[in-house]
file structure.cif (mmCIF, C-alpha atoms)
data_structure
#
loop_
_atom_site.label_atom_id
_atom_site.label_comp_id
_atom_site.auth_asym_id
_atom_site.auth_seq_id
_atom_site.Cartn_x
_atom_site.Cartn_y
_atom_site.Cartn_z
CA MET A 652 136.27 38.14 105.36
CA ASN A 653 133.45 40.60 106.10
CA LYS A 654 133.17 44.22 104.95
CA ILE A 655 134.67 45.62 108.18
CA ASP A 656 137.67 43.26 107.89
CA GLU A 657 138.16 44.35 104.29
CA LEU A 658 138.03 48.03 105.25
CA ILE A 659 140.47 47.54 108.12
CA LYS A 660 142.87 45.64 105.86
CA GLU A 661 142.62 48.38 103.23
CA PHE A 662 142.76 51.46 105.47
CA CYS A 663 144.68 50.16 108.51
CA PRO A 664 147.44 47.89 107.21
CA ASN A 665 149.61 48.69 110.25
CA ASP A 666 146.91 48.43 112.94
CA ILE A 667 144.20 50.71 114.28
CA GLU A 668 145.05 54.00 115.96
CA TYR A 669 143.60 54.91 119.37
CA LYS A 670 142.48 58.39 120.46
CA LYS A 671 141.37 59.95 123.71
CA LEU A 672 137.76 61.06 123.81
CA GLU A 673 138.92 64.64 124.49
CA ASP A 674 140.61 64.53 121.07
CA CYS A 675 137.34 63.47 119.43
CA LEU A 676 134.75 65.54 121.27
CA ASP A 677 134.18 69.10 122.37
CA TYR A 678 131.91 69.77 125.33
CA GLU A 679 129.56 72.55 126.34
CA GLN A 680 128.31 73.35 129.83
CA PRO A 681 124.50 73.24 130.08
CA THR A 682 123.99 76.40 132.16
CA LYS A 683 122.05 78.37 129.54
CA TYR A 684 119.73 75.40 128.85
CA ILE A 685 118.61 74.68 132.44
CA VAL A 686 114.85 74.74 132.93
CA LYS A 687 113.60 77.47 135.29
CA SER A 688 110.42 75.71 136.42
CA THR A 689 109.90 72.06 137.28
CA GLN A 690 106.15 72.33 136.70
CA TYR A 691 106.22 69.77 133.89
CA ASP A 692 103.20 68.79 131.86
CA ASN A 693 102.89 66.22 129.06
CA SER A 694 100.90 68.74 127.01
CA TYR A 695 103.96 71.01 126.74
CA LYS A 696 106.26 70.81 123.75
CA THR A 697 109.88 70.83 124.97
CA PRO A 698 111.31 67.77 126.74
CA VAL A 699 113.45 68.26 129.85
CA LEU A 700 116.28 65.74 129.82
CA THR A 701 118.65 64.10 132.22
CA ALA A 702 121.60 62.00 131.12
CA GLY A 703 120.62 59.46 133.77
CA GLN A 704 118.42 56.42 133.36
CA SER A 705 115.08 58.26 133.29
CA PHE A 706 116.19 60.40 130.27
CA ILE A 707 112.98 62.45 129.80
CA LEU A 708 111.92 64.03 133.10
CA GLY A 709 108.89 65.78 131.67
CA TYR A 710 107.93 68.59 129.30
CA THR A 711 108.14 72.35 129.71
CA ASN A 712 106.46 75.28 128.01
CA GLU A 713 109.65 77.37 128.28
CA THR A 714 110.74 78.59 124.86
CA TYR A 715 113.99 80.37 125.72
CA GLY A 716 117.28 78.59 126.35
CA VAL A 717 116.29 75.51 124.33
CA TYR A 718 119.20 73.42 123.03
CA LYS A 719 118.72 72.98 119.28
CA ALA A 720 119.48 69.45 118.11
CA ASP A 721 118.15 67.44 115.18
CA ILE A 722 119.01 64.47 112.96
CA LYS A 723 121.74 66.46 111.18
CA ASN A 724 123.06 68.10 114.38
CA PRO A 725 122.72 65.61 117.22
CA VAL A 726 124.42 65.80 120.61
CA ILE A 727 125.43 63.36 123.31
CA ILE A 728 124.31 64.40 126.78
CA PHE A 729 126.71 63.10 129.40
CA ASP A 730 125.97 62.91 133.14
CA ASP A 731 129.12 64.17 134.84
CA PHE A 732 128.42 62.24 138.06
CA THR A 733 127.07 58.87 136.89
CA THR A 734 128.77 58.89 133.42
CA GLY A 735 125.47 57.86 131.86
CA PHE A 736 124.85 59.29 128.40
CA HIS A 737 122.25 59.51 125.65
CA TRP A 738 122.14 60.32 121.95
CA VAL A 739 119.78 63.26 121.36
CA ASP A 740 118.52 64.45 117.98
CA PHE A 741 115.67 66.75 119.05
CA ASP A 742 115.38 70.12 120.82
CA PHE A 743 115.44 70.02 124.62
CA LYS A 744 116.14 71.71 127.95
CA VAL A 745 118.00 70.18 130.89
CA LYS A 746 117.28 69.86 134.59
CA SER A 747 120.79 70.09 135.99
CA SER A 748 124.22 71.58 135.44
CA ALA A 749 125.73 68.15 136.19
CA MET A 750 125.98 67.22 132.53
CA LYS A 751 127.94 68.05 129.44
CA MET A 752 126.72 68.36 125.88
CA LEU A 753 129.24 66.56 123.68
CA LYS A 754 129.78 67.41 120.01
CA PRO A 755 132.20 65.90 117.47
CA LYS A 756 135.42 67.51 116.37
CA ASP A 757 136.31 67.49 112.65
CA ASN A 758 136.58 64.36 110.47
CA ILE A 759 134.82 62.06 112.92
CA CYS A 760 131.75 59.88 112.55
CA PHE A 761 129.85 61.07 115.63
CA LYS A 762 127.62 58.00 115.86
CA TYR A 763 130.74 55.81 115.85
CA ILE A 764 132.09 57.76 118.85
CA PHE A 765 128.76 57.22 120.63
CA TYR A 766 128.98 53.46 120.08
CA ALA A 767 132.66 53.39 121.11
CA MET A 768 131.74 55.21 124.34
CA SER A 769 129.15 52.49 124.97
CA CYS A 770 132.00 49.96 125.11
CA ILE A 771 133.93 51.80 127.82
CA GLU A 772 133.81 49.84 131.05
CA PHE A 773 133.81 52.37 133.85
CA GLN A 774 131.79 52.43 137.04
CA ALA A 775 131.51 55.80 138.77
CA THR A 776 132.04 55.08 142.46
CA SER A 777 132.39 58.59 143.84
CA HIS A 778 130.15 61.64 143.61
CA LYS A 779 132.39 63.91 141.57
CA ARG A 780 132.53 65.27 138.08
CA HIS A 781 134.11 62.71 135.77
CA TRP A 782 134.24 64.10 132.22
CA ILE A 783 137.33 66.33 132.30
CA SER A 784 139.53 64.42 134.73
CA ILE A 785 138.66 60.81 133.91
CA TYR A 786 136.21 59.98 131.15
CA SER A 787 137.61 62.26 128.45
CA GLN A 788 140.97 60.54 128.95
CA PHE A 789 139.69 57.12 127.88
CA GLU A 790 141.07 55.94 124.56
CA ILE A 791 138.88 54.39 121.91
CA PRO A 792 139.81 52.61 118.68
CA PHE A 793 139.96 55.24 115.97
CA PRO A 794 139.94 53.70 112.49
CA PRO A 795 139.71 55.83 109.33
CA ILE A 796 136.43 57.64 108.76
CA GLU A 797 135.26 55.08 106.16
CA ILE A 798 135.43 52.32 108.77
CA GLN A 799 133.86 54.49 111.46
CA GLN A 800 130.93 55.16 109.13
CA LYS A 801 130.49 51.48 108.22
CA ILE A 802 130.57 50.39 111.88
CA ALA A 803 128.07 53.11 112.83
CA GLU A 804 125.81 52.09 109.93
CA ILE A 805 125.82 48.42 110.99
CA LEU A 806 125.16 49.21 114.65
CA SER A 807 122.46 51.78 113.81
CA THR A 808 120.69 49.16 111.70
CA GLN A 809 120.75 46.80 114.68
CA ASP A 810 119.33 49.56 116.89
CA LYS A 811 116.42 49.94 114.46
CA VAL A 812 115.80 46.18 114.46
CA ILE A 813 115.81 46.14 118.28
CA GLU A 814 113.42 49.10 118.38
CA LEU A 815 110.99 47.34 116.02
CA LEU A 816 111.20 44.13 118.06
CA GLU A 817 110.55 46.04 121.30
CA LYS A 818 107.46 47.67 119.74
CA ARG A 819 106.29 44.28 118.54
CA LEU A 820 106.83 42.81 122.01
CA GLU A 821 104.70 45.57 123.57
CA GLN A 822 101.96 44.89 121.02
CA GLU A 823 102.05 41.17 121.84
CA LYS A 824 101.85 41.90 125.58
CA LEU A 825 98.77 44.07 125.00
CA LYS A 826 97.24 41.35 122.83
CA LYS A 827 97.85 38.76 125.58
CA LYS A 828 96.27 41.05 128.19
CA ALA A 829 93.17 41.45 126.00
CA LEU A 830 92.96 37.70 125.43
CA MET A 831 93.24 37.04 129.16
CA ARG A 832 90.36 39.44 129.84
CA LEU A 833 88.23 37.65 127.23
CA MET A 834 89.13 34.10 128.23
CA LEU A 835 89.34 34.60 131.99
CA PRO A 836 86.48 36.99 132.82
CA LYS A 837 85.95 38.20 136.38
CA LYS A 838 82.71 37.53 138.22
#

call {"tool": "encode", "arguments": {"input": "structure.cif", "output": "structure tokens"}}
result
Amino acid sequence: MNKIDELIKEFCPNDIEYKKLEDCLDYEQPTKYIVKSTQYDNSYKTPVLTAGQSFILGYTNETYGVYKADIKNPVIIFDDFTTGFHWVDFDFKVKSSAMKMLKPKDNICFKYIFYAMSCIEFQATSHKRHWISIYSQFEIPFPPIEIQQKIAEILSTQDKVIELLEKRLEQEKLKKKALMRLMLPKK
């Protein structure tokens, strides 16, 4: 029996409760954080985010209307149309009003909620806002906080391992490229 099984047996003897996301998360509209100019430059300080696949669109020099997030006060940005989302723990601005900033309600391990959301199988097929009417209604397993924290800790550790392996892979690709240039010179 692993640690999670032990915690579930101890804290959930009668099974695990399920909760709707709307009961776990509050949301904020992004209107006051929307970037005014799309003249991005990598020399600027503040990232402009989208909850879609590209995530960081560029950087702005705008200093007003910046969403304040950090390691202790992270946020999930949620794309209302595609239902894509990202964990954000740094200050940022946004490009569009088509997202929600999600924050945890009381007595919740926020990172656990993020991972539970990652397990929701939903494909947005229409161009409409999904958070309020559909996505927030999904139920996720909601074990006691001790189990939420342990699950989040285990999955976060795996994220760090994956990140290190991805960096190592990039280094190895660069090394191969350099070796190819040395061993297979052009005329």

call {"tool": "residues_around", "arguments": {"input": "structure.cif", "residues": "A:Lys754", "least_positions_apart": "5", "cutoff": "12 Å", "atoms": "only C-alpha atoms", "output": "list in words"}}
result
Leu672, Glu673, Asp674, Cys675, Leu676, Asp677, Tyr678, Glu679, Gln680, Ala720, Lys723, Asn724, Pro725, Val726, Ile727, Ile728, Phe729, Trp738, Val739, Asp740, Ile759, Cys760, Phe761, Lys762, Ile764 and Phe765 of chain A

call {"tool": "residues_near_point", "arguments": {"input": "structure.cif", "point": "(136.7, 53.6, 121.1)", "cutoff": "7 Å", "atoms": "all atoms listed in the file", "output": "JSON, numbers by chain"}}
result
{"A": [764, 767, 768, 790, 791, 792, 793]}

call {"tool": "residues_near_point", "arguments": {"input": "structure.cif", "point": "(132.4, 53.0, 134.7)", "cutoff": "10 Å", "atoms": "all atoms listed in the file", "output": "ChimeraX atom specification"}}
result
/A:733-735,771-776,781,786

call {"tool": "write_last_selection", "arguments": {"input": "structure.cif", "atoms": "C-alpha atoms", "output": "CSV table (one decimal), in the frame of the given file"}}
result
chain,number,residue,atom,x,y,z
A,733,THR,CA,127.1,58.9,136.9
A,734,THR,CA,128.8,58.9,133.4
A,735,GLY,CA,125.5,57.9,131.9
A,771,ILE,CA,133.9,51.8,127.8
A,772,GLU,CA,133.8,49.8,131.0
A,773,PHE,CA,133.8,52.4,133.8
A,774,GLN,CA,131.8,52.4,137.0
A,775,ALA,CA,131.5,55.8,138.8
A,776,THR,CA,132.0,55.1,142.5
A,781,HIS,CA,134.1,62.7,135.8
A,786,TYR,CA,136.2,60.0,131.2

call {"tool": "closest_residue", "arguments": {"input": "structure.cif", "among": "A:Asp692, A:Lys837, A:Phe706, A:Pro681", "to": "A:Leu753", "atoms": "all atoms listed in the file"}}
result
A:Pro681

call {"tool": "atom_distance", "arguments": {"input": "structure.cif", "atom1": "atom CA of A:Lys824", "atom2": "atom CA of A:Asn693"}}
result
24.6 Å

call {"tool": "closest_residue", "arguments": {"input": "structure.cif", "among": "A:Ala702, A:Cys770, A:Val745, A:Ile796", "to": "A:Asn758", "atoms": "all atoms listed in the file"}}
result
A:Ile796

call {"tool": "atom_distance", "arguments": {"input": "structure.cif", "atom1": "atom CA of A:Tyr763", "atom2": "atom CA of A:Ala749"}}
result
24.3 Å

call {"tool": "resolve_selection", "arguments": {"input": "structure.cif", "expression": "the PyMOL selection byres ((chain A and resi 667) around 8)", "output": "JSON, numbers by chain"}}
result
{"A": [659, 663, 665, 666, 668, 669, 792, 793, 794]}

call {"tool": "write_last_selection", "arguments": {"input": "structure.cif", "atoms": "C-alpha atoms", "output": "PDB file, keeping the file's coordinate frame"}}
result
ATOM      1  CA  ILE A 659     140.470  47.540 108.120  1.00  0.00           C
ATOM      2  CA  CYS A 663     144.680  50.160 108.510  1.00  0.00           C
ATOM      3  CA  ASN A 665     149.610  48.690 110.250  1.00  0.00           C
ATOM      4  CA  ASP A 666     146.910  48.430 112.940  1.00  0.00           C
ATOM      5  CA  GLU A 668     145.050  54.000 115.960  1.00  0.00           C
ATOM      6  CA  TYR A 669     143.600  54.910 119.370  1.00  0.00           C
ATOM      7  CA  PRO A 792     139.810  52.610 118.680  1.00  0.00           C
ATOM      8  CA  PHE A 793     139.960  55.240 115.970  1.00  0.00           C
ATOM      9  CA  PRO A 794     139.940  53.700 112.490  1.00  0.00           C
TER      10      PRO A 794
END

call {"tool": "build_atoms", "arguments": {"input": "structure.cif", "residues": "stretch 806-827 of chain A", "atoms": "N, CA, C and O atoms", "output": "mmCIF file, keeping the file's coordinate frame"}}
result
data_model
loop_
_atom_site.group_PDB
_atom_site.id
_atom_site.type_symbol
_atom_site.label_atom_id
_atom_site.label_comp_id
_atom_site.auth_asym_id
_atom_site.auth_seq_id
_atom_site.Cartn_x
_atom_site.Cartn_y
_atom_site.Cartn_z
ATOM 1 N N LEU A 806 125.727 49.164 113.302
ATOM 2 C CA LEU A 806 125.160 49.210 114.650
ATOM 3 C C LEU A 806 123.837 49.979 114.690
ATOM 4 O O LEU A 806 122.920 49.616 115.431
ATOM 5 N N SER A 807 123.722 51.029 113.888
ATOM 6 C CA SER A 807 122.460 51.780 113.810
ATOM 7 C C SER A 807 121.345 50.905 113.241
ATOM 8 O O SER A 807 120.195 50.981 113.701
ATOM 9 N N THR A 808 121.676 50.090 112.263
ATOM 10 C CA THR A 808 120.690 49.160 111.700
ATOM 11 C C THR A 808 120.214 48.191 112.781
ATOM 12 O O THR A 808 119.014 47.922 112.903
ATOM 13 N N GLN A 809 121.131 47.700 113.587
ATOM 14 C CA GLN A 809 120.750 46.800 114.680
ATOM 15 C C GLN A 809 119.876 47.516 115.699
ATOM 16 O O GLN A 809 118.934 46.932 116.233
ATOM 17 N N ASP A 810 120.175 48.782 115.983
ATOM 18 C CA ASP A 810 119.330 49.560 116.890
ATOM 19 C C ASP A 810 117.895 49.637 116.367
ATOM 20 O O ASP A 810 116.933 49.514 117.128
ATOM 21 N N LYS A 811 117.754 49.853 115.062
ATOM 22 C CA LYS A 811 116.420 49.940 114.460
ATOM 23 C C LYS A 811 115.690 48.608 114.556
ATOM 24 O O LYS A 811 114.482 48.570 114.838
ATOM 25 N N VAL A 812 116.396 47.509 114.337
ATOM 26 C CA VAL A 812 115.800 46.180 114.460
ATOM 27 C C VAL A 812 115.324 45.956 115.897
ATOM 28 O O VAL A 812 114.197 45.500 116.137
ATOM 29 N N ILE A 813 116.169 46.301 116.861
ATOM 30 C CA ILE A 813 115.810 46.140 118.280
ATOM 31 C C ILE A 813 114.589 46.988 118.613
ATOM 32 O O ILE A 813 113.668 46.527 119.297
ATOM 33 N N GLU A 814 114.557 48.213 118.121
ATOM 34 C CA GLU A 814 113.420 49.100 118.380
ATOM 35 C C GLU A 814 112.120 48.501 117.829
ATOM 36 O O GLU A 814 111.090 48.506 118.499
ATOM 37 N N LEU A 815 112.182 47.972 116.613
ATOM 38 C CA LEU A 815 110.990 47.340 116.020
ATOM 39 C C LEU A 815 110.563 46.118 116.823
ATOM 40 O O LEU A 815 109.366 45.909 117.051
ATOM 41 N N LEU A 816 111.521 45.318 117.266
ATOM 42 C CA LEU A 816 111.200 44.130 118.060
ATOM 43 C C LEU A 816 110.591 44.514 119.413
ATOM 44 O O LEU A 816 109.660 43.858 119.886
ATOM 45 N N GLU A 817 111.106 45.583 120.019
ATOM 46 C CA GLU A 817 110.550 46.040 121.300
ATOM 47 C C GLU A 817 109.117 46.515 121.127
ATOM 48 O O GLU A 817 108.253 46.238 121.966
ATOM 49 N N LYS A 818 108.831 47.235 120.019
ATOM 50 C CA LYS A 818 107.460 47.670 119.740
ATOM 51 C C LYS A 818 106.553 46.476 119.530
ATOM 52 O O LYS A 818 105.428 46.431 120.024
ATOM 53 N N ARG A 819 107.065 45.499 118.794
ATOM 54 C CA ARG A 819 106.290 44.280 118.540
ATOM 55 C C ARG A 819 106.000 43.540 119.841
ATOM 56 O O ARG A 819 104.895 43.051 120.063
ATOM 57 N N LEU A 820 107.002 43.462 120.712
ATOM 58 C CA LEU A 820 106.830 42.810 122.010
ATOM 59 C C LEU A 820 105.738 43.504 122.821
ATOM 60 O O LEU A 820 104.880 42.843 123.416
ATOM 61 N N GLU A 821 105.742 44.832 122.838
ATOM 62 C CA GLU A 821 104.700 45.570 123.570
ATOM 63 C C GLU A 821 103.317 45.283 122.989
ATOM 64 O O GLU A 821 102.353 45.124 123.732
ATOM 65 N N GLN A 822 103.233 45.211 121.665
ATOM 66 C CA GLN A 822 101.960 44.890 121.020
ATOM 67 C C GLN A 822 101.479 43.499 121.433
ATOM 68 O O GLN A 822 100.298 43.287 121.711
ATOM 69 N N GLU A 823 102.400 42.541 121.473
ATOM 70 C CA GLU A 823 102.050 41.170 121.840
ATOM 71 C C GLU A 823 101.619 41.089 123.310
ATOM 72 O O GLU A 823 100.715 40.332 123.655
ATOM 73 N N LYS A 824 102.253 41.876 124.175
ATOM 74 C CA LYS A 824 101.850 41.900 125.580
ATOM 75 C C LYS A 824 100.432 42.451 125.727
ATOM 76 O O LYS A 824 99.629 41.931 126.512
ATOM 77 N N LEU A 825 100.126 43.514 124.966
ATOM 78 C CA LEU A 825 98.770 44.070 125.000
ATOM 79 C C LEU A 825 97.754 43.060 124.471
ATOM 80 O O LEU A 825 96.644 42.933 125.012
ATOM 81 N N LYS A 826 98.124 42.365 123.416
ATOM 82 C CA LYS A 826 97.240 41.350 122.830
ATOM 83 C C LYS A 826 96.972 40.239 123.858
ATOM 84 O O LYS A 826 95.839 39.801 124.034
ATOM 85 N N LYS A 827 98.006 39.799 124.562
ATOM 86 C CA LYS A 827 97.850 38.760 125.580
ATOM 87 C C LYS A 827 96.914 39.241 126.694
ATOM 88 O O LYS A 827 96.034 38.506 127.158
#
